[in-house]
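Data file: model_35.pdb. Format and content: PDB, C-alpha atoms and all ligand atoms.
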ATOM      1  CA  MET A  20     -29.723  11.321 -32.201
ATOM      2  CA  TRP A  21     -27.413   8.754 -33.779
ATOM      3  CA  ASN A  22     -24.384  10.459 -32.296
ATOM      4  CA  ALA A  23     -25.426   9.063 -28.906
ATOM      5  CA  THR A  24     -24.640   5.635 -30.346
ATOM      6  CA  ARG A  25     -21.185   6.573 -31.645
ATOM      7  CA  PRO A  26     -18.412   4.553 -29.977
ATOM      8  CA  THR A  27     -15.453   6.473 -28.587
ATOM      9  CA  ILE A  28     -13.154   4.142 -30.483
ATOM     10  CA  ALA A  29     -14.048   1.994 -33.474
ATOM     11  CA  THR A  30     -11.492  -0.501 -34.720
ATOM     12  CA  ASN A  31     -11.331  -2.865 -37.656
ATOM     13  CA  ALA A  32      -9.771  -5.336 -35.269
ATOM     14  CA  LEU A  33     -11.176  -8.294 -33.424
ATOM     15  CA  PHE A  34     -11.122  -8.535 -29.641
ATOM     16  CA  GLU A  35      -8.221 -11.010 -29.916
ATOM     17  CA  ASP A  36      -6.141  -8.334 -31.682
ATOM     18  CA  ILE A  37      -6.376  -5.880 -28.771
ATOM     19  CA  ASP A  38      -3.150  -4.934 -27.053
ATOM     20  CA  PRO A  39      -4.425  -4.081 -23.531
ATOM     21  CA  GLU A  40      -1.552  -1.735 -22.758
ATOM     22  CA  ARG A  41      -1.974   0.275 -25.944
ATOM     23  CA  LEU A  42      -5.727   0.431 -25.623
ATOM     24  CA  LEU A  43      -5.553   1.592 -22.011
ATOM     25  CA  CYS A  44      -3.005   4.223 -22.943
ATOM     26  CA  ARG A  45      -5.417   5.536 -25.558
ATOM     27  CA  LEU A  46      -8.436   5.322 -23.252
ATOM     28  CA  GLN A  47      -6.703   7.288 -20.494
ATOM     29  CA  GLN A  48      -6.722  10.224 -22.908
ATOM     30  CA  PHE A  49     -10.497  10.318 -22.563
ATOM     31  CA  GLY A  50     -10.324  10.261 -18.765
ATOM     32  CA  PRO A  51      -9.105   8.100 -15.891
ATOM     33  CA  ILE A  52     -10.028   4.421 -16.186
ATOM     34  CA  LEU A  53     -10.218   1.998 -13.271
ATOM     35  CA  ALA A  54     -12.094  -0.959 -14.771
ATOM     36  CA  GLY A  55     -13.915  -2.196 -17.833
ATOM     37  CA  SER A  56     -16.669  -4.443 -19.004
ATOM     38  CA  ILE A  57     -16.921  -6.657 -22.051
ATOM     39  CA  ASP A  58     -19.672  -8.175 -24.108
ATOM     40  CA  LEU A  59     -19.313 -11.931 -24.566
ATOM     41  CA  ASP A  60     -21.108 -13.218 -27.646
ATOM     42  CA  SER A  61     -19.433 -12.367 -30.921
ATOM     43  CA  THR A  62     -16.980 -10.151 -29.032
ATOM     44  CA  ALA A  63     -14.916 -12.456 -26.806
ATOM     45  CA  ILE A  64     -16.509 -15.761 -27.714
ATOM     46  CA  GLU A  65     -18.594 -17.313 -30.490
ATOM     47  CA  GLN A  66     -22.317 -17.680 -29.856
ATOM     48  CA  ASN A  67     -22.973 -20.872 -27.911
ATOM     49  CA  GLU A  68     -19.290 -21.597 -27.300
ATOM     50  CA  ARG A  69     -18.449 -22.285 -23.691
ATOM     51  CA  ALA A  70     -14.773 -21.382 -23.515
ATOM     52  CA  LEU A  71     -12.730 -18.391 -24.613
ATOM     53  CA  SER A  72     -10.011 -19.038 -27.146
ATOM     54  CA  GLU A  73      -6.489 -18.893 -25.775
ATOM     55  CA  LYS A  74      -5.922 -15.596 -27.635
ATOM     56  CA  ASN A  75      -9.030 -13.959 -26.164
ATOM     57  CA  MET A  76      -8.212 -15.253 -22.694
ATOM     58  CA  ALA A  77      -4.732 -13.721 -23.028
ATOM     59  CA  VAL A  78      -6.282 -10.318 -23.837
ATOM     60  CA  VAL A  79      -8.570 -10.518 -20.797
ATOM     61  CA  ARG A  80      -5.664 -11.594 -18.606
ATOM     62  CA  GLY A  81      -3.623  -8.683 -19.946
ATOM     63  CA  PHE A  82      -6.101  -6.144 -18.544
ATOM     64  CA  PHE A  83      -6.116  -7.813 -15.130
ATOM     65  CA  GLU A  84      -2.308  -7.889 -15.094
ATOM     66  CA  LEU A  85      -2.301  -4.148 -15.707
ATOM     67  CA  GLY A  86      -4.562  -3.714 -12.660
ATOM     68  CA  VAL A  87      -7.694  -3.007 -14.701
ATOM     69  CA  PRO A  88     -10.301  -5.701 -13.975
ATOM     70  CA  LEU A  89     -12.947  -6.604 -16.552
ATOM     71  CA  GLY A  90     -16.544  -7.572 -15.862
ATOM     72  CA  ILE A  91     -19.019  -9.201 -18.242
ATOM     73  CA  ILE A  92     -22.317  -7.765 -19.483
ATOM     74  CA  SER A  93     -24.508 -10.209 -21.371
ATOM     75  CA  ASN A  94     -27.958 -10.016 -22.897
ATOM     76  CA  ALA A  95     -28.552 -13.667 -21.953
ATOM     77  CA  SER A  96     -32.179 -13.598 -20.898
ATOM     78  CA  GLY A  97     -32.949 -17.302 -20.462
ATOM     79  CA  GLU A  98     -31.888 -19.422 -17.502
ATOM     80  CA  LYS A  99     -29.673 -21.714 -19.576
ATOM     81  CA  ARG A 100     -27.765 -18.898 -21.305
ATOM     82  CA  HIS A 101     -27.486 -17.057 -18.000
ATOM     83  CA  ARG A 102     -25.811 -20.118 -16.438
ATOM     84  CA  ARG A 103     -23.467 -20.353 -19.421
ATOM     85  CA  VAL A 104     -22.321 -16.747 -18.840
ATOM     86  CA  TYR A 105     -21.592 -17.500 -15.189
ATOM     87  CA  ASP A 106     -19.715 -20.678 -16.123
ATOM     88  CA  ILE A 107     -17.560 -18.628 -18.510
ATOM     89  CA  ALA A 108     -17.003 -15.960 -15.827
ATOM     90  CA  HIS A 109     -15.915 -18.724 -13.457
ATOM     91  CA  THR A 110     -13.419 -20.126 -15.983
ATOM     92  CA  ILE A 111     -11.993 -16.656 -16.556
ATOM     93  CA  SER A 112     -11.780 -16.111 -12.773
ATOM     94  CA  GLU A 113      -9.614 -19.217 -12.498
ATOM     95  CA  SER A 114      -7.359 -17.978 -15.263
ATOM     96  CA  VAL A 115      -6.875 -14.449 -13.880
ATOM     97  CA  GLY A 116      -6.798 -15.446 -10.213
ATOM     98  CA  CYS A 117      -9.657 -13.275  -8.940
ATOM     99  CA  GLU A 118     -13.414 -13.144  -9.176
ATOM    100  CA  VAL A 119     -14.809 -11.940 -12.488
ATOM    101  CA  ILE A 120     -18.076 -10.061 -12.043
ATOM    102  CA  ALA A 121     -20.888 -10.776 -14.491
ATOM    103  CA  VAL A 122     -24.366  -9.440 -15.064
ATOM    104  CA  THR A 123     -27.025 -10.862 -17.364
ATOM    105  CA  SER A 124     -30.417  -9.684 -18.579
ATOM    106  CA  HIS A 125     -31.880 -12.765 -16.910
ATOM    107  CA  GLU A 126     -31.066 -11.355 -13.465
ATOM    108  CA  LEU A 127     -32.540  -7.937 -14.194
ATOM    109  CA  GLY A 128     -35.896  -8.715 -15.737
ATOM    110  CA  GLY A 129     -35.179 -10.969 -18.716
ATOM    111  CA  TRP A 130     -35.861  -9.843 -22.282
ATOM    112  CA  GLN A 131     -37.184  -6.471 -21.091
ATOM    113  CA  CYS A 132     -33.751  -5.546 -19.764
ATOM    114  CA  LYS A 133     -31.215  -5.965 -22.513
ATOM    115  CA  LYS A 134     -28.417  -3.714 -23.707
ATOM    116  CA  PRO A 135     -28.537  -0.805 -24.427
ATOM    117  CA  ARG A 136     -30.559  -0.520 -21.186
ATOM    118  CA  GLN A 137     -28.502   1.430 -18.684
ATOM    119  CA  LEU A 138     -29.332  -0.847 -15.757
ATOM    120  CA  LEU A 139     -26.969  -3.551 -17.041
ATOM    121  CA  PHE A 140     -24.069  -1.122 -17.240
ATOM    122  CA  ASP A 141     -24.906   0.437 -13.866
ATOM    123  CA  THR A 142     -25.126  -2.988 -12.235
ATOM    124  CA  VAL A 143     -21.783  -4.325 -13.411
ATOM    125  CA  ALA A 144     -20.026  -1.109 -12.336
ATOM    126  CA  GLN A 145     -21.761  -1.198  -8.966
ATOM    127  CA  ARG A 146     -20.822  -4.839  -8.396
ATOM    128  CA  MET A 147     -17.227  -4.029  -9.290
ATOM    129  CA  GLY A 148     -17.275  -1.058  -6.919
ATOM    130  CA  VAL A 149     -16.307   1.431  -9.635
ATOM    131  CA  ALA A 150     -18.146   4.608 -10.665
ATOM    132  CA  ASN A 151     -19.561   4.540 -14.191
ATOM    133  CA  HIS A 152     -17.410   7.441 -15.357
ATOM    134  CA  LEU A 153     -14.274   5.408 -14.556
ATOM    135  CA  MET A 154     -15.395   2.438 -16.667
ATOM    136  CA  PHE A 155     -15.027   1.528 -20.334
ATOM    137  CA  HIS A 156     -16.868  -1.112 -22.337
ATOM    138  CA  ILE A 157     -15.840  -3.282 -25.290
ATOM    139  CA  GLY A 158     -18.415  -4.842 -27.594
ATOM    140  CA  ASP A 159     -19.264  -5.715 -31.181
ATOM    141  CA  GLN A 160     -22.678  -4.022 -31.491
ATOM    142  CA  VAL A 161     -22.918  -0.260 -31.826
ATOM    143  CA  LEU A 162     -26.632  -0.158 -31.001
ATOM    144  CA  LYS A 163     -26.264  -2.308 -27.907
ATOM    145  CA  ASP A 164     -22.740  -2.022 -26.561
ATOM    146  CA  ALA A 165     -21.574   1.454 -27.533
ATOM    147  CA  TRP A 166     -24.952   3.097 -27.061
ATOM    148  CA  GLY A 167     -25.475   1.404 -23.689
ATOM    149  CA  ALA A 168     -22.056   2.411 -22.365
ATOM    150  CA  ASN A 169     -22.511   5.975 -23.650
ATOM    151  CA  ARG A 170     -25.903   6.457 -22.055
ATOM    152  CA  ALA A 171     -24.630   4.972 -18.763
ATOM    153  CA  GLY A 172     -21.927   7.651 -18.680
ATOM    154  CA  TYR A 173     -18.961   5.321 -19.127
ATOM    155  CA  ALA A 174     -15.650   7.051 -19.880
ATOM    156  CA  ALA A 175     -15.394   5.273 -23.219
ATOM    157  CA  SER A 176     -16.966   2.689 -25.484
ATOM    158  CA  VAL A 177     -14.850   0.542 -27.784
ATOM    159  CA  HIS A 178     -16.279  -1.083 -30.882
ATOM    160  CA  VAL A 179     -14.560  -4.228 -32.182
ATOM    161  CA  GLN A 180     -15.450  -6.379 -35.168
ATOM    162  CA  PRO A 181     -17.769  -9.315 -34.466
ATOM    163  CA  CYS A 182     -15.779 -12.550 -34.244
ATOM    164  CA  ALA A 183     -18.684 -14.715 -35.376
ATOM    165  CA  PRO A 184     -21.101 -12.636 -37.495
ATOM    166  CA  LYS A 185     -22.490 -15.771 -39.157
ATOM    167  CA  SER A 186     -23.899 -16.953 -35.849
ATOM    168  CA  ASP A 187     -25.753 -13.674 -35.237
ATOM    169  CA  PRO A 188     -29.509 -13.945 -34.711
ATOM    170  CA  ARG A 189     -31.353 -13.123 -37.950
ATOM    171  CA  GLY A 190     -32.606  -9.725 -36.767
ATOM    172  CA  VAL A 191     -29.060  -8.682 -35.948
ATOM    173  CA  ARG A 192     -27.624 -10.023 -39.196
ATOM    174  CA  TRP A 193     -30.210  -8.628 -41.589
ATOM    175  CA  LEU A 194     -31.326  -5.410 -39.911
ATOM    176  CA  GLN A 195     -28.998  -4.277 -37.188
ATOM    177  CA  ARG A 196     -25.585  -4.957 -38.742
ATOM    178  CA  PRO A 197     -26.375  -3.190 -42.059
ATOM    179  CA  LEU A 198     -27.618  -0.150 -40.118
ATOM    180  CA  GLU A 199     -24.564  -0.209 -37.857
ATOM    181  CA  ASN A 200     -22.253  -0.510 -40.853
ATOM    182  CA  ARG A 201     -23.894   2.523 -42.431
ATOM    183  CA  LEU A 202     -23.461   4.479 -39.219
ATOM    184  CA  LEU A 203     -19.815   3.440 -38.886
ATOM    185  CA  ARG A 204     -19.162   4.499 -42.489
ATOM    186  CA  SER A 205     -20.870   7.839 -41.843
ATOM    187  CA  TRP A 206     -18.493   8.379 -38.911
ATOM    188  CA  ASP A 207     -15.481   7.397 -41.068
ATOM    189  CA  ALA A 208     -14.680   4.316 -39.017
ATOM    190  CA  PRO A 209     -12.160   3.152 -37.948
ATOM    191  CA  PHE A 210     -11.441   6.103 -35.676
ATOM    192  CA  GLY A 211     -10.047   7.022 -32.312
ATOM    193  CA  TRP A 212      -7.594   4.156 -32.131
ATOM    194  CA  GLU A 213      -4.121   5.380 -33.081
TER     195      GLU A 213
HETATM  196 MG    MG B 301     -22.161  -9.257 -28.950
END
Written form, structure tokens:
Amino acid sequence: MWNATRPTIATNALFEDIDPERLLCRLQQFGPILAGSIDLDSTAIEQNERALSEKNMAVVRGFFELGVPLGIISNASGEKRHRRVYDIAHTISESVGCEVIAVTSHELGGWQCKKPRQLLFDTVAQRMGVANHLMFHIGDQVLKDAWGANRAGYAASVHVQPCAPKSDPRGVRWLQRPLENRLLRSWDAPFGWE
């Protein structure tokens, strides 16, 4: 059962360390890729921050410059956090010069619809006009990001290290991360990158 949660690629790197061209080259080996989605909190931004770092923004911009747009999938289930995600999407849109699509749990039923629920992954792909099997997803949580992308039939799921593990909610820090780390070790992570 756990193999359904295994990311296609697991790196020891942070999101800011990604070289979009190299990653896309690698991902194309798993199938054609037209677009991607990213998790925000602890992947591309620290919890509760409102702006991407310059390094993370450069990575996002790199994908757009290569003709591979990125959308955002967030488990923000409250109104305030939902608005924050859209504000961030707007800021990224201004930086990359085109609309950045976002989807939040808040829009799709609140706390009952969080990653790894497939609906979030289906919705972002649909809004971007790309079939699921031509999408990839980048995130820091195996049991939410990788599992969700896998079950939605994305071409690939990419696991990166959390950029702000100390700001994780307690349940994630004390239960989920230790379990994920055990799984990653059992799969001999890092893998699939080079
Ligand atoms: Mg996250």
TODO: Determine the nearest neighbour of ligand MG 301 (chain B) from the options A:Asp106, A:Asp58, A:Glu84, A:Glu213, counting all atoms listed in the file.
DONE: A:Asp58
Task: Residues matched by the PyMOL selection byres (((chain A and resi 86) around 12) and not hetatm) as an MDAnalysis selection string - done: chainID A and resid 39:40 43 52:55 79:85 87:89 115 117
At a cut-off of 6 Å and counting all atoms listed in the file, what residues surround ligand MG 301 (chain B)? Please answer as an mmCIF file with C-alpha atoms, in the frame of the given file.
data_model
loop_
_atom_site.group_PDB
_atom_site.id
_atom_site.type_symbol
_atom_site.label_atom_id
_atom_site.label_comp_id
_atom_site.auth_asym_id
_atom_site.auth_seq_id
_atom_site.Cartn_x
_atom_site.Cartn_y
_atom_site.Cartn_z
ATOM 1 C CA ASP A 58 -19.672 -8.175 -24.108
ATOM 2 C CA LEU A 59 -19.313 -11.931 -24.566
ATOM 3 C CA ASP A 60 -21.108 -13.218 -27.646
ATOM 4 C CA SER A 61 -19.433 -12.367 -30.921
ATOM 5 C CA THR A 62 -16.980 -10.151 -29.032
ATOM 6 C CA GLY A 158 -18.415 -4.842 -27.594
ATOM 7 C CA ASP A 159 -19.264 -5.715 -31.181
ATOM 8 C CA GLN A 160 -22.678 -4.022 -31.491
#
TODO: List the residues selected by the PyMOL selection byres (((chain A and resi 120-129) around 9) and not hetatm) in the file shown, writing them as a PyMOL selection string.
DONE: chain A and resi 56+89-98+100-101+104-105+108+112+118-119+130-134+138-140+142-143+146-147
Open item on the list: Would you pick out the contacts of Ile37 (chain A) at 12 Å or less, using all atoms listed in the file, so that residues sharing its chain but fewer than 5 positions from it are not included, and give the list as an NGL selection string?
Closed with: :A and (29-32 or 42-43 or 45 or 62-63 or 74-82 or 157 or 177-180 or 212)
- [ ] Find the distance between CA of Asn67 (chain A) and CA of Arg102 (chain A) and write it in Å to one decimal.
- [x]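 Straight-line distance from CA of Asn67 (chain A) to CA of Arg102 (chain A) works out to 11.8 Å.
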Task: Between CA of Ile57 (chain A) and CA of Lys163 (chain A) - distance in Å to one decimal - done: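 Answer for the CA of Lys163 (chain A) to CA of Ile57 (chain A) separation: 11.9 Å.
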Open item on the list: Ranking A:Asp36, A:Met154, A:Pro184, A:Arg189 by minimum distance to Gly172 (chain A) and counting all atoms listed in the file, which one comes first?
Closed with: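 That would be A:Met154, the residue with the smallest distance to Gly172 (chain A).
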Task: CA of Ile64 (chain A) to CA of Leu33 (chain A), straight-line distance in Å - done: 10.8 Å
- [ ] Kindly indicate which residue among A:Gln195, A:Ser176, A:Ser72, A:Ser186 lies nearest to Ile107 (chain A), using all atoms listed in the file for the distances.
- [x]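 Nearest to Ile107 (chain A): A:Ser72.
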- [ ] To verify the selection step, state as an MDAnalysis selection string which residues the PyMOL selection byres (((chain A and resi 200-204) around 12) and not hetatm) yields on this input.
- [x] chainID A and resid 20:31 159:162 165 178:181 191:199 205:210
TODO: Could you check which of A:His152, A:Arg69, A:Lys185, A:Arg170 is closest to Lys99 (chain A), using all atoms listed in the file?
DONE: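 Going through A:His152, A:Arg69, A:Lys185, A:Arg170 one by one, the smallest distance to Lys99 (chain A) is for A:Arg69.
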Draw an axis-aligned box over all listed atoms of region 28-45 of chain A, pad each side with 3 Å, and write its centre and edge lengths in Å, one decimal, as JSON.
{"center_x": -7.8, "center_y": -2.7, "center_z": -29.8, "size_x": 18.5, "size_y": 22.5, "size_z": 21.6}
Open item on the list: Just checking: using only C-alpha atoms, which residue out of A:Thr110, A:Gln66, A:Pro135, A:Ala174 ends up closest to Pro188 (chain A)?
Closed with: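 Answer, going by the shortest atom-to-atom distance: A:Gln66.
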